[in-house]
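Printed here is target-v1.cif (mmCIF, C-alpha atoms):
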```
data_protein
#
loop_
_atom_site.label_atom_id
_atom_site.label_comp_id
_atom_site.auth_asym_id
_atom_site.auth_seq_id
_atom_site.Cartn_x
_atom_site.Cartn_y
_atom_site.Cartn_z
CA MET A 30 -15.34 25.85 3.43
CA SER A 31 -18.86 25.53 2.12
CA ASP A 32 -18.28 22.86 -0.51
CA SER A 33 -15.92 20.61 1.40
CA ILE A 34 -16.82 16.93 1.71
CA GLU A 35 -16.46 14.96 4.93
CA LEU A 36 -16.10 11.18 5.07
CA VAL A 37 -16.03 9.26 8.34
CA TYR A 38 -14.89 5.65 8.75
CA GLU A 39 -14.99 3.37 11.78
CA VAL A 40 -12.03 1.03 11.49
CA SER A 41 -12.50 -2.38 13.08
CA GLY A 42 -9.57 -3.63 15.09
CA ASP A 43 -10.24 -7.33 14.99
CA ASP A 44 -10.00 -8.19 11.30
CA PHE A 45 -6.64 -7.65 9.64
CA THR A 46 -7.87 -8.92 6.28
CA ARG A 47 -10.30 -5.99 6.09
CA ALA A 48 -7.71 -3.36 6.98
CA GLY A 49 -7.47 -0.91 4.11
CA GLU A 50 -11.14 -0.89 3.14
CA ALA A 51 -11.55 2.73 4.26
CA SER A 52 -8.47 3.77 2.28
CA SER A 53 -9.75 1.94 -0.81
CA ASP A 54 -13.05 3.77 -0.51
CA VAL A 55 -11.37 7.17 -0.23
CA LYS A 56 -9.23 6.34 -3.23
CA LYS A 57 -12.32 5.50 -5.30
CA LYS A 58 -14.14 8.66 -4.21
CA LEU A 59 -11.17 10.94 -4.99
CA LYS A 60 -10.93 9.35 -8.42
CA LEU A 61 -14.61 10.10 -9.05
CA MET A 62 -13.99 13.70 -7.96
CA GLY A 63 -11.34 13.95 -10.67
CA VAL A 64 -8.37 14.46 -8.32
CA HIS A 65 -4.96 13.98 -10.02
CA HIS A 66 -3.64 10.41 -9.64
CA ASP A 67 -0.34 11.48 -8.03
CA ILE A 68 -2.30 13.26 -5.29
CA ILE A 69 -4.63 10.28 -4.88
CA ARG A 70 -1.65 7.96 -4.48
CA LYS A 71 -0.14 10.14 -1.74
CA VAL A 72 -3.46 10.21 0.14
CA SER A 73 -4.02 6.47 -0.36
CA ILE A 74 -0.61 5.36 0.88
CA ALA A 75 -0.55 7.74 3.87
CA MET A 76 -4.06 6.73 4.93
CA TYR A 77 -3.53 3.02 4.31
CA GLU A 78 -0.41 2.95 6.49
CA GLY A 79 -2.37 4.78 9.19
CA GLU A 80 -5.29 2.40 8.90
CA ILE A 81 -2.98 -0.61 9.18
CA ASN A 82 -1.32 0.94 12.25
CA MET A 83 -4.72 1.41 13.89
CA VAL A 84 -5.57 -2.24 13.38
CA ILE A 85 -2.17 -3.53 14.50
CA HIS A 86 -1.60 -1.33 17.54
CA ALA A 87 -4.84 0.27 18.70
CA ASN A 88 -7.70 -2.16 18.09
CA GLY A 89 -9.18 0.15 15.46
CA GLY A 90 -10.34 3.75 15.58
CA THR A 91 -11.99 6.49 13.58
CA ILE A 92 -10.76 8.13 10.40
CA THR A 93 -12.22 11.43 9.25
CA VAL A 94 -11.34 12.65 5.77
CA VAL A 95 -12.19 16.16 4.64
CA VAL A 96 -11.77 17.12 1.01
CA SER A 97 -11.74 20.88 0.45
CA ASP A 98 -10.84 23.05 -2.54
CA THR A 99 -7.24 23.15 -1.44
CA ASP A 100 -6.39 19.89 0.31
CA VAL A 101 -7.34 16.48 1.68
CA THR A 102 -7.13 16.33 5.46
CA MET A 103 -7.09 12.96 7.23
CA VAL A 104 -7.54 12.68 10.98
CA LEU A 105 -6.88 9.21 12.40
CA ALA A 106 -7.92 8.94 16.02
CA ASP A 107 -7.67 5.89 18.25
CA THR A 108 -8.05 5.08 21.91
CA GLY A 109 -5.21 2.56 21.88
CA PRO A 110 -2.21 2.28 24.21
CA GLY A 111 -0.52 5.48 22.98
CA ILE A 112 3.11 5.95 21.96
CA PRO A 113 5.61 6.51 24.79
CA ASP A 114 8.41 7.90 22.58
CA ILE A 115 7.14 9.52 19.36
CA GLU A 116 10.62 10.43 18.11
CA LYS A 117 11.69 6.81 18.36
CA ALA A 118 8.45 5.62 16.70
CA MET A 119 9.13 7.96 13.78
CA THR A 120 12.55 6.38 13.13
CA ALA A 121 12.59 4.34 9.91
CA GLY A 122 12.97 0.67 10.79
CA TYR A 123 11.86 0.97 14.41
CA SER A 124 8.89 -1.27 15.11
CA THR A 125 6.99 -2.70 18.07
CA ALA A 126 4.72 -4.83 15.88
CA PRO A 127 4.32 -8.43 17.05
CA GLU A 128 5.71 -11.36 15.07
CA ASN A 129 2.33 -12.39 13.64
CA VAL A 130 1.95 -8.96 12.04
CA ARG A 131 5.44 -9.17 10.52
CA ASN A 132 4.47 -12.48 8.98
CA LEU A 133 1.63 -10.64 7.26
CA GLY A 134 4.05 -8.25 5.57
CA PHE A 135 3.84 -5.29 7.93
CA GLY A 136 5.72 -4.06 10.96
CA ALA A 137 8.93 -3.16 9.11
CA GLY A 138 9.05 0.14 10.97
CA MET A 139 8.13 2.11 7.86
CA GLY A 140 4.51 3.01 8.66
CA LEU A 141 4.91 6.37 10.38
CA PRO A 142 7.90 7.44 8.24
CA ASN A 143 5.87 6.63 5.10
CA MET A 144 2.88 8.58 6.42
CA LYS A 145 5.11 11.60 6.97
CA LYS A 146 6.80 11.16 3.60
CA TYR A 147 3.59 11.13 1.60
CA SER A 148 1.77 13.94 3.41
CA ASP A 149 2.47 17.66 2.99
CA GLU A 150 1.63 18.37 6.63
CA PHE A 151 1.97 15.75 9.35
CA ASN A 152 1.19 15.95 13.04
CA ILE A 153 1.04 13.24 15.69
CA GLU A 154 -0.18 13.57 19.24
CA SER A 155 -0.17 10.69 21.65
CA THR A 156 -0.77 10.09 25.33
CA VAL A 157 0.08 6.75 26.89
CA GLY A 158 -3.08 5.03 28.07
CA VAL A 159 -5.33 7.49 26.25
CA GLY A 160 -4.68 7.16 22.52
CA THR A 161 -3.09 8.60 19.43
CA THR A 162 -4.29 11.13 16.87
CA VAL A 163 -2.50 11.57 13.57
CA THR A 164 -3.43 14.48 11.31
CA MET A 165 -2.20 14.49 7.74
CA LYS A 166 -2.79 16.98 4.97
CA VAL A 167 -2.11 16.47 1.27
CA TYR A 168 -2.36 19.61 -0.91
CA LEU A 169 -4.44 19.41 -4.05
CA GLN A 170 -2.34 22.17 -5.69
CA MET B 26 8.46 -5.10 -21.74
CA THR B 27 4.79 -5.95 -21.47
CA ILE B 28 2.99 -7.94 -18.79
CA ASN B 29 2.75 -10.72 -21.35
CA ASP B 30 6.57 -10.73 -21.66
CA VAL B 31 6.79 -11.04 -17.86
CA LYS B 32 4.38 -13.94 -17.98
CA GLU B 33 6.34 -15.74 -20.72
CA LEU B 34 9.77 -15.11 -19.19
CA ILE B 35 8.93 -16.55 -15.76
CA HIS B 36 6.54 -19.23 -17.08
CA ALA B 37 3.61 -17.82 -15.15
CA ASN B 38 -0.10 -18.58 -15.20
CA VAL B 39 -2.57 -15.74 -15.50
CA LEU B 40 -5.11 -15.81 -12.65
CA CYS B 41 -6.92 -12.62 -13.68
CA GLY B 42 -6.59 -9.58 -15.91
CA GLU B 43 -5.97 -11.44 -19.16
CA GLU B 44 -7.25 -8.36 -21.03
CA TYR B 45 -4.40 -6.18 -19.70
CA LEU B 46 -1.48 -8.36 -20.81
CA ASP B 47 -0.45 -5.84 -23.47
CA LYS B 48 0.23 -3.13 -20.88
CA GLU B 49 3.84 -1.91 -20.66
CA VAL B 50 5.67 -2.37 -17.37
CA HIS B 51 8.36 0.17 -16.47
CA ALA B 52 9.69 -1.06 -13.14
CA ALA B 53 9.55 -3.94 -10.70
CA CYS B 54 9.77 -4.47 -6.98
CA GLY B 55 10.35 -7.79 -5.21
CA SER B 56 9.42 -7.93 -1.53
CA ASP B 57 7.52 -9.80 1.15
CA MET B 58 7.32 -6.68 3.29
CA MET B 59 4.41 -4.51 2.19
CA SER B 60 5.72 -1.58 4.25
CA ASP B 61 8.85 -1.59 2.07
CA VAL B 62 6.74 -1.72 -1.07
CA LEU B 63 4.74 1.26 0.17
CA ALA B 64 7.93 3.28 0.55
CA PHE B 65 8.79 3.23 -3.15
CA VAL B 66 6.46 4.76 -5.70
CA LYS B 67 6.93 3.66 -9.29
CA ASP B 68 4.71 4.04 -12.30
CA GLN B 69 3.41 1.03 -14.19
CA ALA B 70 5.16 -1.34 -11.83
CA VAL B 71 5.12 -5.08 -11.19
CA LEU B 72 5.22 -6.43 -7.66
CA LEU B 73 6.79 -9.85 -7.08
CA THR B 74 6.06 -11.37 -3.71
CA GLY B 75 6.07 -14.60 -1.76
CA LEU B 76 3.52 -13.21 0.66
CA CYS B 77 -0.03 -14.32 0.02
CA ASN B 78 -2.76 -12.41 1.85
CA PRO B 79 -5.39 -9.76 0.93
CA GLN B 80 -3.09 -6.94 1.99
CA VAL B 81 -0.82 -7.71 -0.98
CA ILE B 82 -3.64 -6.82 -3.37
CA ARG B 83 -4.64 -3.86 -1.20
CA THR B 84 -1.07 -2.56 -1.28
CA ALA B 85 -0.95 -2.97 -5.06
CA MET B 86 -4.21 -1.02 -5.34
CA MET B 87 -2.87 1.85 -3.24
CA MET B 88 0.35 1.99 -5.24
CA ASP B 89 -1.34 1.76 -8.67
CA ILE B 90 0.72 -1.37 -9.31
CA ILE B 91 -0.54 -2.97 -12.53
CA CYS B 92 0.63 -6.56 -12.03
CA VAL B 93 1.21 -8.80 -9.00
CA VAL B 94 3.30 -11.97 -9.33
CA PHE B 95 3.02 -14.64 -6.65
CA VAL B 96 6.26 -16.61 -6.63
CA ARG B 97 6.93 -20.16 -5.41
CA SER B 98 3.45 -21.24 -6.55
CA LYS B 99 1.71 -19.35 -3.76
CA HIS B 100 -1.94 -19.46 -4.69
CA PRO B 101 -4.16 -16.48 -3.81
CA THR B 102 -7.72 -17.00 -2.55
CA GLU B 103 -10.79 -16.34 -4.70
CA ASP B 104 -11.46 -13.18 -2.66
CA MET B 105 -8.00 -11.85 -3.46
CA ILE B 106 -8.38 -12.59 -7.15
CA GLU B 107 -11.77 -10.90 -7.18
CA MET B 108 -10.36 -7.83 -5.44
CA ALA B 109 -7.57 -7.63 -8.04
CA GLU B 110 -10.02 -8.11 -10.89
CA ASP B 111 -12.17 -5.22 -9.64
CA ALA B 112 -9.09 -3.02 -9.45
CA GLY B 113 -7.89 -3.97 -12.94
CA ILE B 114 -4.71 -5.62 -11.63
CA VAL B 115 -3.20 -8.59 -13.45
CA VAL B 116 -2.37 -11.49 -11.12
CA LEU B 117 0.28 -14.00 -12.17
CA GLU B 118 1.52 -17.13 -10.44
CA THR B 119 4.89 -18.74 -11.08
CA GLY B 120 6.68 -21.81 -9.82
CA HIS B 121 9.99 -19.91 -9.80
CA ARG B 122 11.36 -18.64 -6.51
CA MET B 123 11.73 -14.94 -5.78
CA PHE B 124 15.45 -14.76 -6.64
CA SER B 125 15.07 -16.54 -9.97
CA SER B 126 11.95 -14.60 -10.95
CA CYS B 127 13.64 -11.25 -10.28
CA GLY B 128 16.87 -12.42 -11.92
CA ILE B 129 15.15 -13.50 -15.12
CA LEU B 130 13.24 -10.22 -15.42
CA TYR B 131 16.33 -8.16 -14.61
CA ALA B 132 18.41 -10.04 -17.16
CA ASN B 133 15.77 -9.17 -19.73
CA GLY B 134 15.94 -5.47 -19.04
CA LEU B 135 13.41 -4.76 -16.29
CA ARG B 136 14.78 -2.46 -13.57
CA GLY B 137 13.85 -1.24 -10.11
CA GLY B 138 12.83 2.26 -11.20
CA LYS B 139 14.15 5.51 -9.84
CA ASP B 140 16.08 3.92 -6.96
CA TYR B 141 18.19 2.04 -9.45
CA GLU B 142 18.89 5.21 -11.44
CA ARG B 143 19.78 7.15 -8.29
CA LEU B 144 22.56 4.71 -7.39
CA HIS B 145 24.16 4.67 -10.83
#
```
Please rewrite the model in this file as structure tokens.
Amino acid sequence: MSDSIELVYEVSGDDFTRAGEASSDVKKKLKLMGVHHDIIRKVSIAMYEGEINMVIHANGGTITVVVSDTDVTMVLADTGPGIPDIEKAMTAGYSTAPENVRNLGFGAGMGLPNMKKYSDEFNIESTVGVGTTVTMKVYLQ
Amino acid sequence: MTINDVKELIHANVLCGEEYLDKEVHAACGSDMMSDVLAFVKDQAVLLTGLCNPQVIRTAMMMDIICVVFVRSKHPTEDMIEMAEDAGIVVLETGHRMFSSCGILYANGLRGGKDYERLH
């Protein structure tokens, strides 16, 4: 689409306190574009959970956000350890996050289920030893 | 109730967002797990938490939460307060524990939002 906007973020894997900066930036930009706040909230939560996951599990990665006339598409790609059993990882409450992450308020096993819940289209592809790519779409309606 | 009512009821100090104390709050959520907070969308909500790190403010920003209450006298860093200030979020700090803080607010009419309605 000719007037779509693309935003690319490199997410650092070594600083948990900065996790969420990319999501905050997208939220601000969507607000400036005049997107409805319910849509912005869906995008923000889905992307934030994904960003946190990247930092916790994959030592960072790249997030590409494309805003078109019809939807916001987020592609979160990492070169982390990959997910051996995606079905299990998608189960609410299932988590492999280490104790230190749980002490920071994450790792309740709600990340992937939340990402799926708040996006209108959700796809995850993962290869052990290669990485994980999550694609999420939220319709602008 | 308003954010100011919350402040008075749980004897809290205002750390930032003094200018928004008149805002109405419609629901509250008490949790130390941000992933759980992110699972429940509520409008004009208050978050009560015993967790004290930047991701609490970040979570509140993503959820459009209008007020964060740190219980048990947990004191946020300057960076956290600044982040909340930029986002227009009121930050309160109370000496009450989580259970008492939630109990006081509940007893005064504040509820958990749609999840509460769904179960009744």
Subject >> All residues 7 Å or closer to range 155-168 of chain A, only C-alpha atoms, same chain fewer than 2 positions away omitted, as a PyMOL selection string >> reply: chain A and resi 72+99-113+148-153+170
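Closest approach to Val39 in chain B among B:Thr27, B:Ser125, B:Thr119, B:Ser56: B:Thr119, based on all atoms listed in the file.
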Taking only C-alpha atoms into account and nothing else, which residues of chain B lie no more than 9 Å away from chain A? Please answer as a PDB file with C-alpha atoms, in the coordinates of the input.
```pdb
ATOM      1  CA  SER B  56       9.420  -7.930  -1.530  1.00  0.00           C
ATOM      2  CA  ASP B  57       7.520  -9.800   1.150  1.00  0.00           C
ATOM      3  CA  MET B  58       7.320  -6.680   3.290  1.00  0.00           C
ATOM      4  CA  MET B  59       4.410  -4.510   2.190  1.00  0.00           C
ATOM      5  CA  SER B  60       5.720  -1.580   4.250  1.00  0.00           C
ATOM      6  CA  ASP B  61       8.850  -1.590   2.070  1.00  0.00           C
ATOM      7  CA  LEU B  63       4.740   1.260   0.170  1.00  0.00           C
ATOM      8  CA  ALA B  64       7.930   3.280   0.550  1.00  0.00           C
ATOM      9  CA  VAL B  66       6.460   4.760  -5.700  1.00  0.00           C
ATOM     10  CA  LEU B  76       3.520 -13.210   0.660  1.00  0.00           C
ATOM     11  CA  CYS B  77      -0.030 -14.320   0.020  1.00  0.00           C
ATOM     12  CA  ASN B  78      -2.760 -12.410   1.850  1.00  0.00           C
ATOM     13  CA  PRO B  79      -5.390  -9.760   0.930  1.00  0.00           C
ATOM     14  CA  GLN B  80      -3.090  -6.940   1.990  1.00  0.00           C
ATOM     15  CA  VAL B  81      -0.820  -7.710  -0.980  1.00  0.00           C
ATOM     16  CA  ARG B  83      -4.640  -3.860  -1.200  1.00  0.00           C
ATOM     17  CA  THR B  84      -1.070  -2.560  -1.280  1.00  0.00           C
ATOM     18  CA  MET B  86      -4.210  -1.020  -5.340  1.00  0.00           C
ATOM     19  CA  MET B  87      -2.870   1.850  -3.240  1.00  0.00           C
ATOM     20  CA  MET B  88       0.350   1.990  -5.240  1.00  0.00           C
ATOM     21  CA  ASP B  89      -1.340   1.760  -8.670  1.00  0.00           C
TER      22      ASP B  89
END
```
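Reported to one decimal place, the separation of CA of Met26 in chain B from CA of Leu130 in chain B is 9.4 Å.
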Original post:
What is the CA of Glu107 in chain B-CA of Leu40 in chain B distance in Å, reported with one decimal?
Top reply: 9.9 Å
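Computed from the coordinates, the CA of Val115 in chain B to CA of Ile68 in chain A distance equals 23.3 Å.
Proximity ranking of A:Ile85, A:Met119, A:Ala126, A:Val95 relative to Leu36 in chain A places A:Val95 first, based on only C-alpha atoms.
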